[in-house]
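Participant: So I've got this file, upload.pdb, and it contains PDB, C-alpha atoms and all ligand atoms:
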```pdb
MODEL        1
ATOM      1  CA  MET H 552      23.748  51.813 -72.660  1.00  0.00           C
ATOM      2  CA  ALA H 553      20.136  50.832 -73.038  1.00  0.00           C
ATOM      3  CA  SER H 554      17.219  50.877 -70.676  1.00  0.00           C
ATOM      4  CA  LEU H 555      15.711  47.415 -70.353  1.00  0.00           C
ATOM      5  CA  GLU H 556      12.233  46.634 -69.133  1.00  0.00           C
ATOM      6  CA  ILE H 557      12.604  43.182 -67.617  1.00  0.00           C
ATOM      7  CA  LYS H 558      11.210  41.570 -64.498  1.00  0.00           C
ATOM      8  CA  LEU H 559      10.649  38.051 -63.276  1.00  0.00           C
ATOM      9  CA  TRP H 560       7.595  36.421 -64.904  1.00  0.00           C
ATOM     10  CA  GLU H 561       4.367  36.708 -62.896  1.00  0.00           C
ATOM     11  CA  LEU H 562       0.928  35.558 -63.991  1.00  0.00           C
ATOM     12  CA  GLY H 563      -0.557  38.939 -63.096  1.00  0.00           C
ATOM     13  CA  ASP H 564       1.586  40.640 -65.749  1.00  0.00           C
ATOM     14  CA  PHE H 565      -0.575  39.279 -68.570  1.00  0.00           C
ATOM     15  CA  THR H 566      -4.007  39.366 -70.110  1.00  0.00           C
ATOM     16  CA  PRO H 567      -5.777  36.053 -69.406  1.00  0.00           C
ATOM     17  CA  GLY H 568      -5.790  33.745 -72.429  1.00  0.00           C
ATOM     18  CA  THR H 569      -2.598  35.040 -73.996  1.00  0.00           C
ATOM     19  CA  LYS H 570       0.339  32.729 -74.648  1.00  0.00           C
ATOM     20  CA  SER H 571       2.307  34.504 -71.923  1.00  0.00           C
ATOM     21  CA  ALA H 572      -0.476  33.969 -69.381  1.00  0.00           C
ATOM     22  CA  GLN H 573      -0.526  30.281 -70.294  1.00  0.00           C
ATOM     23  CA  GLY H 574       3.044  30.009 -69.018  1.00  0.00           C
ATOM     24  CA  ARG H 575       4.706  29.872 -72.406  1.00  0.00           C
ATOM     25  CA  CYS H 576       7.326  32.119 -73.974  1.00  0.00           C
ATOM     26  CA  ALA H 577       5.667  34.632 -76.307  1.00  0.00           C
ATOM     27  CA  TRP H 578       8.737  36.717 -77.119  1.00  0.00           C
ATOM     28  CA  GLY H 579      10.198  33.786 -79.055  1.00  0.00           C
ATOM     29  CA  GLY H 580       7.122  33.542 -81.287  1.00  0.00           C
ATOM     30  CA  ASP H 581       4.782  30.658 -81.950  1.00  0.00           C
ATOM     31  CA  SER H 582       7.544  28.082 -82.315  1.00  0.00           C
ATOM     32  CA  CYS H 583       8.937  28.483 -78.787  1.00  0.00           C
ATOM     33  CA  LYS H 584       7.492  25.989 -76.306  1.00  0.00           C
ATOM     34  CA  GLU H 585       9.637  26.997 -73.325  1.00  0.00           C
ATOM     35  CA  LYS H 586       8.403  28.301 -69.993  1.00  0.00           C
ATOM     36  CA  PRO H 587       8.947  32.045 -69.602  1.00  0.00           C
ATOM     37  CA  GLU H 588      11.270  33.026 -66.782  1.00  0.00           C
ATOM     38  CA  PHE H 589      10.943  36.772 -67.444  1.00  0.00           C
ATOM     39  CA  THR H 590       8.374  39.402 -68.354  1.00  0.00           C
ATOM     40  CA  VAL H 591       9.599  41.922 -70.915  1.00  0.00           C
ATOM     41  CA  THR H 592       7.723  44.949 -72.266  1.00  0.00           C
ATOM     42  CA  ASP H 593       7.640  45.518 -76.003  1.00  0.00           C
ATOM     43  CA  ARG H 594       7.716  48.935 -77.683  1.00  0.00           C
ATOM     44  CA  ALA H 595       3.937  49.060 -77.827  1.00  0.00           C
ATOM     45  CA  GLY H 596       3.798  48.661 -74.044  1.00  0.00           C
ATOM     46  CA  SER H 597       2.580  45.071 -74.024  1.00  0.00           C
ATOM     47  CA  ASN H 598       4.011  42.563 -71.562  1.00  0.00           C
ATOM     48  CA  MET H 599       5.388  39.386 -73.074  1.00  0.00           C
ATOM     49  CA  GLY H 600       6.750  36.248 -71.448  1.00  0.00           C
ATOM     50  CA  ALA H 601      10.335  35.430 -72.403  1.00  0.00           C
ATOM     51  CA  CYS H 602      12.240  32.206 -71.750  1.00  0.00           C
ATOM     52  CA  GLU H 603      15.896  32.204 -70.723  1.00  0.00           C
ATOM     53  CA  LYS H 604      16.937  31.804 -74.359  1.00  0.00           C
ATOM     54  CA  HIS H 605      14.700  34.480 -75.841  1.00  0.00           C
ATOM     55  CA  VAL H 606      15.310  37.097 -73.149  1.00  0.00           C
ATOM     56  CA  VAL H 607      18.705  37.432 -74.821  1.00  0.00           C
ATOM     57  CA  THR H 608      17.045  38.359 -78.112  1.00  0.00           C
ATOM     58  CA  TYR H 609      15.153  41.092 -76.266  1.00  0.00           C
ATOM     59  CA  ILE H 610      18.347  42.445 -74.713  1.00  0.00           C
ATOM     60  CA  ARG H 611      20.188  42.259 -78.037  1.00  0.00           C
ATOM     61  CA  ASP H 612      17.386  44.112 -79.839  1.00  0.00           C
ATOM     62  CA  ARG H 613      17.337  46.929 -77.291  1.00  0.00           C
ATOM     63  CA  LEU H 614      21.119  47.280 -77.298  1.00  0.00           C
ATOM     64  CA  LYS H 615      21.222  47.417 -81.101  1.00  0.00           C
ATOM     65  CA  ASN H 616      18.078  49.418 -81.832  1.00  0.00           C
ATOM     66  CA  GLY H 617      17.358  51.409 -78.676  1.00  0.00           C
ATOM     67  CA  PRO H 618      14.028  52.025 -76.985  1.00  0.00           C
ATOM     68  CA  PHE H 619      12.246  53.320 -80.102  1.00  0.00           C
ATOM     69  CA  GLY H 620      13.359  50.681 -82.612  1.00  0.00           C
TER
HETATM   70 ZN    ZN S 701      11.446  31.388 -75.868  1.00  0.00          ZN
ENDMDL
END
```
Could you quickly redo this structure as structure tokens?
Ligand SMILES: [Zn+2]
Facilitator:
Amino acid sequence: MASLEIKLWELGDFTPGTKSAQGRCAWGGDSCKEKPEFTVTDRAGSNMGACEKHVVTYIRDRLKNGPFG
């Protein structure tokens, strides 16, 4: 079991000017142009937008590596 930090994407989750705040997936890196459906929190405590495809990579990472990487 892993603890996941996921919520539905909201503009207020992000620092203005970031890729996530611009309504684009940041979890998938620079190459992803999709709209984020979710907000996930990385291990440094930063919120990142994640599209429906890349939210799976977040879940997979947490299940494999746990909350501390
Ligand atoms: Zn993505």
Participant: Smallest atom-to-atom distance to ligand ZN 701 (chain S): which of H:Gly568, H:Gly580, H:Gly574, H:Gly563, using only C-alpha atoms and all ligand atoms?
Facilitator: H:Gly580
Participant: Show which residues sit within 12 Å of Gly620 in chain H, as a JSON list (two decimals) with C-alpha atoms, in the coordinates of the input. Count all atoms listed in the file, and ignore same-chain residues fewer than 2 positions away.
Facilitator:
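Written output follows (out-v1.json):
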```
[["chain", "number", "residue", "atom", "x", "y", "z"],
["H", 553, "ALA", "CA", 20.14, 50.83, -73.04],
["H", 593, "ASP", "CA", 7.64, 45.52, -76.00],
["H", 594, "ARG", "CA", 7.72, 48.94, -77.68],
["H", 595, "ALA", "CA", 3.94, 49.06, -77.83],
["H", 609, "TYR", "CA", 15.15, 41.09, -76.27],
["H", 611, "ARG", "CA", 20.19, 42.26, -78.04],
["H", 612, "ASP", "CA", 17.39, 44.11, -79.84],
["H", 613, "ARG", "CA", 17.34, 46.93, -77.29],
["H", 614, "LEU", "CA", 21.12, 47.28, -77.30],
["H", 615, "LYS", "CA", 21.22, 47.42, -81.10],
["H", 616, "ASN", "CA", 18.08, 49.42, -81.83],
["H", 617, "GLY", "CA", 17.36, 51.41, -78.68],
["H", 618, "PRO", "CA", 14.03, 52.02, -76.98]]
```
Participant: Looking at all atoms listed in the file, which of H:Leu555, H:Ala572, H:Val591, H:Ala577 is the one that sits closest to ligand ZN 701 (chain S)?
Facilitator: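 The shortest atom-to-atom distance to ligand ZN 701 (chain S) comes from H:Ala577.
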Participant: Within 6 Å of ligand ZN 701 (chain S), which residues of chain H come that close, and what is the closest atom pair and distance in Å for each? Count all atoms listed in the file and give it as JSON lines.
Facilitator:
```
{"residue": "H:Cys576", "atom": "CA", "partner": "S:ZN701", "partner_atom": "ZN", "distance": 4.6}
{"residue": "H:Gly579", "atom": "CA", "partner": "S:ZN701", "partner_atom": "ZN", "distance": 4.2}
{"residue": "H:Cys583", "atom": "CA", "partner": "S:ZN701", "partner_atom": "ZN", "distance": 4.8}
{"residue": "H:Glu585", "atom": "CA", "partner": "S:ZN701", "partner_atom": "ZN", "distance": 5.4}
{"residue": "H:Ala601", "atom": "CA", "partner": "S:ZN701", "partner_atom": "ZN", "distance": 5.4}
{"residue": "H:Cys602", "atom": "CA", "partner": "S:ZN701", "partner_atom": "ZN", "distance": 4.3}
{"residue": "H:Lys604", "atom": "CA", "partner": "S:ZN701", "partner_atom": "ZN", "distance": 5.7}
{"residue": "H:His605", "atom": "CA", "partner": "S:ZN701", "partner_atom": "ZN", "distance": 4.5}
```
Participant: Which polymer residues, whether protein, DNA or RNA, lie within 9 Å of the coordinate (10.4, 35.8, -67.4) when you count all atoms listed in the file? List them as a VMD selection string, using the chain letters and numbers from the file.
Facilitator: chain H and resid 557 to 561 576 586 to 591 599 to 603 606
Participant: Just how far from CA of Ser597 in chain H is CA of Thr566 in chain H, in Å to one decimal?
Facilitator: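 Interatomic distance here is 9.6 Å.
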Participant: Identify which of the residues H:Lys584, H:Phe619, H:Gly596, H:Met552 lies closest to Asp564 in chain H, counting only C-alpha atoms when measuring atom-to-atom distances.
Facilitator: H:Gly596
